[in-house]
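Notes follow once the structure below has been shown.
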Amino acid sequence: MAEEEGSDINGGQASMDPTESRWVFQDEDDSEIEDEDEDDFLSHRSTAVDELDSEDDEDNAAQRLIRTGPRLDSFDVEALEVPGAHRSDYEDFSLGKKIILAFQTLGVVFGDVGTSPLYTFSVMFSKAPINGNEDVIGALSLVLYTLILIPLFKYVLVVLWANDDGEGGTFALYSLICRHAKVSLLPNQLPSDARISSFRLKVPSAELERSLKLKERLENSLVLKKLLLMLVLAGTSMVIADAVVTPAMSVTSAVSGIKVGVDAIEQDEVVMISVAFLVILFSIQKFGTSKVGLVIGPALFIWFCSLAGIGIYNLVKYDSSVLKAFNPVHIYYFFKRNSIKAWYSLGGCLLCATGSEAMFADLCYFSVRSVQLTFVFLVLPCLLLGYLGQAAYLMDNHADADQAFFSSIPSGAFWPVLFIANIAALIASRAMTTATFSCIKQSTALGCFPRLKIVHTSRKFMGQIYIPVINWFLLAVCLVLVCSISSIDEIGNAYGIAELGIMMMTTILVTLVMLLIWQINIVIVLSFLVFFLGLELTFFSSVLWSVTDGSWIILVFSIIMFLIMYIWNYGSKLKYETEVKQKLSMDLMRELGCNLGTIRAPGIGLLYNELVRGIPAIFGHFLTTLPAIHSMIIFVCIKYVPVPVVPQSERFLFRRVCPKSYHIFRCIARYGYKDVRKENHQTFEQLLIESLEKFIRREAQERSLESDGDDDTGSEDESSGSRVLIAPNGSVYSLGVPLLADFKDTSKPILEASTSEEVRPVTPPAEPAMPDTEQSLERELSFIHKAKESGVVYLLGHGDIRARKDSWFIKKLVINYFYAFLRKNCRRGTANLSVPHSQLMQVGMTYMV
């Protein structure tokens with residue numbers, strides 16, 4: 001796969017019309033020069049585009065929407081060559097592949113909601129016992145409209161469209177918001193990030209002014225940023241908790257059906273069988289979503305057909321009058337007769353909508369349209385028929401409410417349906433487990449979860465992953481839950497807490513997406529928020545009332561997961577801020593000179609760090625610790641940006657950190673949170689060197705173009721180092737790339753590439769400057785090749801994080817113990833970066849935060 005990616009680096013992506021304009025957000029301080037310290041080498045430098053763009057707007061708001069031409073990155077000059085946007089994996093599928101995809105969708109996405117008929121009525125009527133047929137019809141009406149309102153209207157028709165380029169879940173929503181507003185707490189954003197082709201910012205609309213005001217409010221309020229992050233972390237912790245309680249509920253309820261067929265079976269035997277099934281379930285998780293989904297997809301198709309068939313049979317045999325439950329007035333009668341008991345039963349009613357969030361969180365595995373069509377034309381009709389059939393049976397058999405589903409099965413079909421039900425329960429348990437893997441990968445990429453080993457189970461679909469540590473951790477907690485809480489009612493209440501927590505966070509985040517990104521009418525937004533959040537709060541009040549029955553365990557588990565994510569994000573943020581404060585000054589680099597005060601040995605040193613600007617402090621430790629440093633140094637920053645995928649041709653950004661004679665560059669390797677880093681270190685080195693050569697050639701090319709146009713633009717910017725490029729559509733760009741040190745201008749003095757700041761006039765040569773530029777380019781490329789042949793060494797800093805002595809006790813406890821424990825037990829940087837140990841050098845450093 002790495003080889004395939006490498007082949008695209010020089011134009012493998014589709015091209016865009018260079019004259020096509022687009023809308024982007026422009027910051028008032030969005031200078032093309034992104035590191036003030038580095039620009040100390042180029043005195044008197046100014047940016048002509050800032051003079052043109054902000055001449056009349058110096059006192060205006062910090063951000064505005066402007067029309068520009070194709071993006072030109074301030075690091076990697078593209079020379080008006082803009083790669084195409086990322087294409088969906090599912091665009092060009094044939095009919096046969098779409099059918100296979102539909103079966104996989106059944107096996108992965110709809111297992112959870114498909115097994116809800118096993119336990120919904122049982123839990124409802126345990127809290128509101130049946131006193132007459134009107135109670136059955138009222139409870140059925142409540143289930144039908146819950147199923148229609150939450151999974152269908154909210155998720156299928158609205159929430160699925162809030163995906164982040166095919167990625168779903170709470171962190172995908174957070175990423176989408178971060179892309180349109182600077183709300184991330186980690187201060188490593190760059191203006192160049194907004195120029196990635198997959199950003200796809202919104203064009204102006206009638207609601208734009210309100211959207212920009214909301215954006216400004218979010219960006220200027222640290223409290224709102226923290227609150228937004230806490231909502232996202234709370235939602236993600238509920239997803240992980242849901243992955244614990246879903247297997248416990250689905251498997252236990254399916255296995256308990258044995259008690260209907262065999263009277264001698266006791267609850268202890270049911271628990272033991274459930275434990276065995278759960279071990280098998282989590283053991284096959286590593287085989288991947290595509291493989292397992294294709295195998296169990298037909299099994300779940302048979303399950304849905306069984307639901308529909310049993311429902312039709314019971315409607316015909318018992319009482320078809322339950323069809324009047326589609327009249328919502330029976331919900332009112334149900335509450336009027338049962339009052340407080342009906343309110344208690346809401347927690348059980350919600351179980352019919354469990355798995356709704358899995359449809360959104362598992363979206364990365366399948367397309368939006370495949371999920372929508374499968375739900376509307378297969379899943380929903382079968383579920384409605386299943387619930388109608390159970391209600392028709394209960395009209396004549398009130399005493400069987402505790403096992404409503406298994407009691408309603410015709411005697412001749414009991415054992416086959418029991419077998420299929422257990423298979424479906426195992427499938428249902430996979431739905432939230434795969435969703436959890438996806439959410440954890442997203443949170444890790446966005447700096448909110450410790451690094452873990454991630455196994456990609458599909459070569460074709462990079463979103464299909466498996467995380468071994470999380471898989472076995474979920475199994476352990478799930479076994480504890482099943483063994484400690486054997487009652488279906490108590491597990492069902494815990495299930496409701498986890499599901500409602502996710503649903504409420506999703507409602508709030510989708511509302512923000514509506515306001516900030518979709519920019520739709522405020523009445524529609526408020527209607528969505530008030531209706532669905534009010535509905536979910538009503539359900540939540542019911543399940544919280546019964547939290548003391550044992551379901552509090554799931555709340556404690558969610559809080560623990562929330563604290564892990566928040567502490568990791570908090571510690572990472574403090575570490576990055578400390579690195580920014582401790583970065584080396586350019587005055588020190590100037591004093592050291594181009595040899596950096598030591599011996600420059602042949603070779604390339606890749607110094608990994610997290611800074612996107614400035615010279616990292618760890619570089620000073622290498623200079624003082626090692627007797628020699630490599631002839632070429634590249635500061636490599638592996639950075640995840642809030643987009644699902646970064647095209648390979650936009651992966652690397654380069655710029656010079658010092659004058660040419662220093663041979664120091666900065667490289668930012670950008671990845672989306674859905675990207676796969678499968679390339680080995682040799683492939684990564686090759687891609688990096690190719691991109692560096694491309695950058696140097698483009699840099700020299702732009703200098704040549706500038707020298708050709710000096711007669712036309714010379715009077716405007718003669719003393720500056722900035723360059724202006726006019727695109728075919730008339731847009732003006734400033735190319736903030738440091739000058740080649742030995743480039744000789746024909747008409748004006750230049751800043752000499754040395755440690756001194758002496759400015760000397762240069763006598764215009766008799767020959768044109770182009771041959772000199774070409775010679776300089778060839779010398780530098782030859783230098784890079786020789787350095788590459790001498791070898792590449794990876795320089796890593798092993799940092800310990802400690803709280804300062806004057807810090808509060810809580811901060812010392814969090815940083816010195818909790819965060820340090822997480823760092824010690826997470827995946828090491830060398831493994832995460834695929835660094836070979838034979839080419840590794842490490843220096844220790846302690847960060848006082």
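Ordered as shown in the structure tokens, chains take letters A, B, and onward, while each chain numbers its residues from 1 and ligands are numbered from 1 in the order shown.
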Region 342-348 of chain A surroundings by only C-alpha atoms, 10 Å radius, close-in-sequence under 2 positions cut, as number ranges by chain: A: 119-129, 135, 138-139, 142-143, 146, 331, 334-340, 350-352, 489, 492-497, 500, 538-546
So which residues of region 505-613 of chain A fall under helix (DSSP H, G or I) by DSSP, listed as a count of residues only? 78
Counting only C-alpha atoms, which of A:Ile634, A:Val239, A:Val329, A:Leu688 gets nearest to Val657 (chain A)? A:Ile634
Residues of region 417-523 of chain A in strand (DSSP E), written as a compact mmCIF listing (two decimals) with all heavy atoms, in the first residue's frame:
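Saved file states10.txt follows:
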# COMPACT_ATOMS: atom_id res chain seq x y z
N VAL A 455 -4.67 -2.27 14.37
CA VAL A 455 -4.50 -3.22 13.28
C VAL A 455 -5.56 -2.92 12.22
O VAL A 455 -6.76 -2.87 12.54
CB VAL A 455 -4.65 -4.67 13.77
CG1 VAL A 455 -4.50 -5.65 12.60
CG2 VAL A 455 -3.63 -4.98 14.85
N HIS A 456 -5.11 -2.73 10.99
CA HIS A 456 -6.04 -2.47 9.88
C HIS A 456 -6.39 -3.81 9.23
O HIS A 456 -5.53 -4.50 8.70
CB HIS A 456 -5.42 -1.50 8.89
CG HIS A 456 -5.16 -0.16 9.49
ND1 HIS A 456 -6.08 0.86 9.47
CD2 HIS A 456 -4.08 0.32 10.15
CE1 HIS A 456 -5.59 1.92 10.09
NE2 HIS A 456 -4.37 1.61 10.51
N ILE A 465 -10.82 -1.32 11.30
CA ILE A 465 -9.67 -1.48 12.19
C ILE A 465 -10.02 -2.40 13.36
O ILE A 465 -11.18 -2.73 13.59
CB ILE A 465 -9.22 -0.10 12.74
CG1 ILE A 465 -10.36 0.57 13.52
CG2 ILE A 465 -8.71 0.79 11.63
CD1 ILE A 465 -9.98 1.85 14.21
N TYR A 466 -8.98 -2.79 14.07
CA TYR A 466 -9.10 -3.64 15.27
C TYR A 466 -8.03 -3.19 16.25
O TYR A 466 -6.87 -3.03 15.89
CB TYR A 466 -8.90 -5.11 14.87
CG TYR A 466 -8.68 -6.05 16.02
CD1 TYR A 466 -9.70 -6.35 16.92
CD2 TYR A 466 -7.43 -6.66 16.21
CE1 TYR A 466 -9.48 -7.22 17.97
CE2 TYR A 466 -7.22 -7.54 17.26
CZ TYR A 466 -8.25 -7.82 18.14
OH TYR A 466 -8.04 -8.68 19.17
Would you kindly return, as a PyMOL selection string, each protein, DNA or RNA residue with an atom no farther than 12 Å from any atom of region 265-279 of chain A, considering only C-alpha atoms and excluding same-chain residues fewer than 4 positions away? chain A and resi 244-261+283-285+422-430+471-488
Restricted to C-alpha atoms, what would the selected residues look like written as a PDB file, in the first residue's frame?
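Wrote it out as out_34.pdb, contents follow:
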ATOM      1  CA  VAL A 244     -19.512  -3.050  27.312  1.00  0.00           C
ATOM      2  CA  VAL A 245     -23.233  -3.221  28.022  1.00  0.00           C
ATOM      3  CA  THR A 246     -24.399  -4.123  24.485  1.00  0.00           C
ATOM      4  CA  PRO A 247     -22.804  -7.602  24.475  1.00  0.00           C
ATOM      5  CA  ALA A 248     -23.945  -8.184  28.037  1.00  0.00           C
ATOM      6  CA  MET A 249     -27.557  -7.302  27.239  1.00  0.00           C
ATOM      7  CA  SER A 250     -27.847  -8.899  23.799  1.00  0.00           C
ATOM      8  CA  VAL A 251     -26.153 -12.207  24.586  1.00  0.00           C
ATOM      9  CA  THR A 252     -27.754 -12.693  28.002  1.00  0.00           C
ATOM     10  CA  SER A 253     -31.254 -11.954  26.699  1.00  0.00           C
ATOM     11  CA  ALA A 254     -30.778 -14.330  23.744  1.00  0.00           C
ATOM     12  CA  VAL A 255     -29.401 -17.151  25.876  1.00  0.00           C
ATOM     13  CA  SER A 256     -32.185 -16.726  28.452  1.00  0.00           C
ATOM     14  CA  GLY A 257     -34.594 -17.946  25.783  1.00  0.00           C
ATOM     15  CA  ILE A 258     -33.400 -21.458  26.612  1.00  0.00           C
ATOM     16  CA  LYS A 259     -35.428 -21.222  29.827  1.00  0.00           C
ATOM     17  CA  VAL A 260     -38.602 -21.079  27.727  1.00  0.00           C
ATOM     18  CA  GLY A 261     -37.740 -24.284  25.867  1.00  0.00           C
ATOM     19  CA  SER A 283     -11.972 -13.710  20.059  1.00  0.00           C
ATOM     20  CA  ILE A 284     -13.245 -13.483  16.469  1.00  0.00           C
ATOM     21  CA  GLN A 285     -13.160  -9.669  16.477  1.00  0.00           C
ATOM     22  CA  ASN A 422     -28.133 -16.164  19.532  1.00  0.00           C
ATOM     23  CA  ILE A 423     -26.200 -15.658  16.294  1.00  0.00           C
ATOM     24  CA  ALA A 424     -27.903 -12.258  15.877  1.00  0.00           C
ATOM     25  CA  ALA A 425     -27.034 -11.342  19.482  1.00  0.00           C
ATOM     26  CA  LEU A 426     -23.365 -12.039  18.814  1.00  0.00           C
ATOM     27  CA  ILE A 427     -23.605  -9.900  15.687  1.00  0.00           C
ATOM     28  CA  ALA A 428     -25.280  -7.104  17.658  1.00  0.00           C
ATOM     29  CA  SER A 429     -22.425  -7.078  20.101  1.00  0.00           C
ATOM     30  CA  ARG A 430     -19.975  -6.444  17.257  1.00  0.00           C
ATOM     31  CA  ASN A 471     -10.938  -5.552  22.594  1.00  0.00           C
ATOM     32  CA  TRP A 472      -9.706  -7.562  25.589  1.00  0.00           C
ATOM     33  CA  PHE A 473     -10.366  -4.702  27.996  1.00  0.00           C
ATOM     34  CA  LEU A 474     -14.011  -4.568  26.853  1.00  0.00           C
ATOM     35  CA  LEU A 475     -14.268  -8.338  27.259  1.00  0.00           C
ATOM     36  CA  ALA A 476     -12.985  -8.201  30.842  1.00  0.00           C
ATOM     37  CA  VAL A 477     -15.389  -5.437  31.883  1.00  0.00           C
ATOM     38  CA  CYS A 478     -18.275  -7.109  30.067  1.00  0.00           C
ATOM     39  CA  LEU A 479     -17.694 -10.392  31.937  1.00  0.00           C
ATOM     40  CA  VAL A 480     -17.622  -8.527  35.237  1.00  0.00           C
ATOM     41  CA  LEU A 481     -20.938  -6.849  34.343  1.00  0.00           C
ATOM     42  CA  VAL A 482     -22.647 -10.113  33.349  1.00  0.00           C
ATOM     43  CA  CYS A 483     -21.451 -11.966  36.448  1.00  0.00           C
ATOM     44  CA  SER A 484     -22.305  -9.166  38.886  1.00  0.00           C
ATOM     45  CA  ILE A 485     -25.640  -8.074  37.357  1.00  0.00           C
ATOM     46  CA  SER A 486     -27.519 -11.104  36.101  1.00  0.00           C
ATOM     47  CA  SER A 487     -30.938  -9.418  35.920  1.00  0.00           C
ATOM     48  CA  ILE A 488     -32.013  -8.362  32.425  1.00  0.00           C
TER      49      ILE A 488
END
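Proximity of A:Phe652, A:Phe557, A:Phe414, A:Phe619 to Glu579 (chain A), computed with only C-alpha atoms, is greatest for A:Phe619.
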